[in-house]
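Asks: This is the structure, below, for whatever I ask next.
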Amino acid sequence: MAYNIDGLSPAGAQSKAGDAPQMWTYKSADAKATVAASGYFNSVSSVLKVGDLVMIYDTATPAASLHIVLTNSAAGVVDVSAGTDISVA
């Protein structure tokens, strides 16, 4: 599947990010490997910064994982880490 803008939401109070990383949640039926692929989040490159944390919830499995934004190039190519699994059991 492709990135779905309705799945991404800021977590907590993010009215002013400053230099601190922001936290995001993302809900999708896409598997962790799909979401972690370079370029998956390109359409929101304007809001994701290097160091931001994205908690991803896979509705198909169900599973959850935490990813870090590793790069966000001038061309708008976003790459996130492979992710660390979060137990949902």
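How things are named: the first chain in the structure tokens is A, the next is B, and so on; residues count from 1 in each chain; ligands count from 1 in the order shown.
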Please provide the set of residues having any atom within 10 Å of Ala20 in chain A, restricted to only C-alpha atoms, with same-chain residues fewer than 6 positions apart removed, written as a list of chain:residue names.
Replies: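 Listing them by chain and then by number gives A:Lys49, A:Gly51, A:Asp52.
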Asks: Would you write out those residues with C-alpha atoms, as an mmCIF file, in the first residue's frame?
Replies:
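The resulting file, again00.cif, is reproduced below:
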```cif
data_model
loop_
_atom_site.group_PDB
_atom_site.id
_atom_site.type_symbol
_atom_site.label_atom_id
_atom_site.label_comp_id
_atom_site.auth_asym_id
_atom_site.auth_seq_id
_atom_site.Cartn_x
_atom_site.Cartn_y
_atom_site.Cartn_z
ATOM 1 C CA LYS A 49 12.644 16.235 10.812
ATOM 2 C CA GLY A 51 15.516 12.707 14.866
ATOM 3 C CA ASP A 52 11.717 12.705 15.033
#
```
Asks: Name all residues at most 8 Å from range 77-89 of chain A (count only C-alpha atoms; drop same-chain ones fewer than 2 positions away) and give them as a PyMOL selection string.
Replies: chain A and resi 32-33+36-42+45+62-75
Asks: Could you please determine the separation between CA of Val44 in chain A and CA of Gln22 in chain A in Å, to one decimal place?
Replies: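 Atom-to-atom, CA of Val44 in chain A and CA of Gln22 in chain A are spaced 13.7 Å apart.
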Asks: Distance CA of Ser46 in chain A-CA of Thr59 in chain A, one decimal place?
Replies: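 Computed distance, CA of Ser46 in chain A to CA of Thr59 in chain A, equals 25.6 Å.
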Asks: Per DSSP on the backbone, what are the alpha helix (DSSP H) residues of range 5-53 of chain A, as a list in words?
Replies: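 Checking each residue of range 5-53 of chain A, the alpha helix (DSSP H) ones are Lys32, Ala33, Thr34, Val35 and Ala36 of chain A.
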Asks: If we count only C-alpha atoms, what is near Pro10 in chain A at a cut-off of 7 Å, once residues fewer than 6 positions away on the same chain are taken out, given as a CSV table (one decimal) with C-alpha atoms, in the first residue's frame?
Replies:
```
chain,number,residue,atom,x,y,z
A,23,MET,CA,6.7,12.4,18.3
A,24,TRP,CA,4.3,11.1,15.7
A,25,THR,CA,1.9,8.2,15.5
```
Asks: State, in Å with one decimal place, the distance from CA of Ala60 in chain A to CA of Gly12 in chain A.
Replies: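 These atoms are spaced 25.1 Å apart.
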Asks: Point out the residue among A:Gly18, A:Asp30, A:Leu48, A:Met55 with the least atom-to-atom distance to Tyr3 in chain A, counting only C-alpha atoms.
Replies: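 Going through A:Gly18, A:Asp30, A:Leu48, A:Met55 one by one, the smallest distance to Tyr3 in chain A is for A:Asp30.
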Asks: What's around Tyr26 in chain A at 7 Å? Count only C-alpha atoms, leave out sequence neighbours fewer than 6 positions away in its own chain, and write the answer as a VMD selection string.
Replies: chain A and resid 7 to 9 54 to 57
Asks: Produce a file of the selected residues containing C-alpha atoms, as a PDB file, in the first residue's frame.
Replies:
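Writing the result to again-v7.pdb gives the following:
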```
ATOM      1  CA  GLY A   7      -2.819   7.867   9.415  1.00  0.00           C
ATOM      2  CA  LEU A   8      -0.221  10.398  10.649  1.00  0.00           C
ATOM      3  CA  SER A   9      -0.882  12.468  13.775  1.00  0.00           C
ATOM      4  CA  VAL A  54       7.297   7.787  14.678  1.00  0.00           C
ATOM      5  CA  MET A  55       5.286   5.120  16.517  1.00  0.00           C
ATOM      6  CA  ILE A  56       3.696   2.917  13.879  1.00  0.00           C
ATOM      7  CA  TYR A  57       0.675   0.715  14.483  1.00  0.00           C
TER       8      TYR A  57
END
```
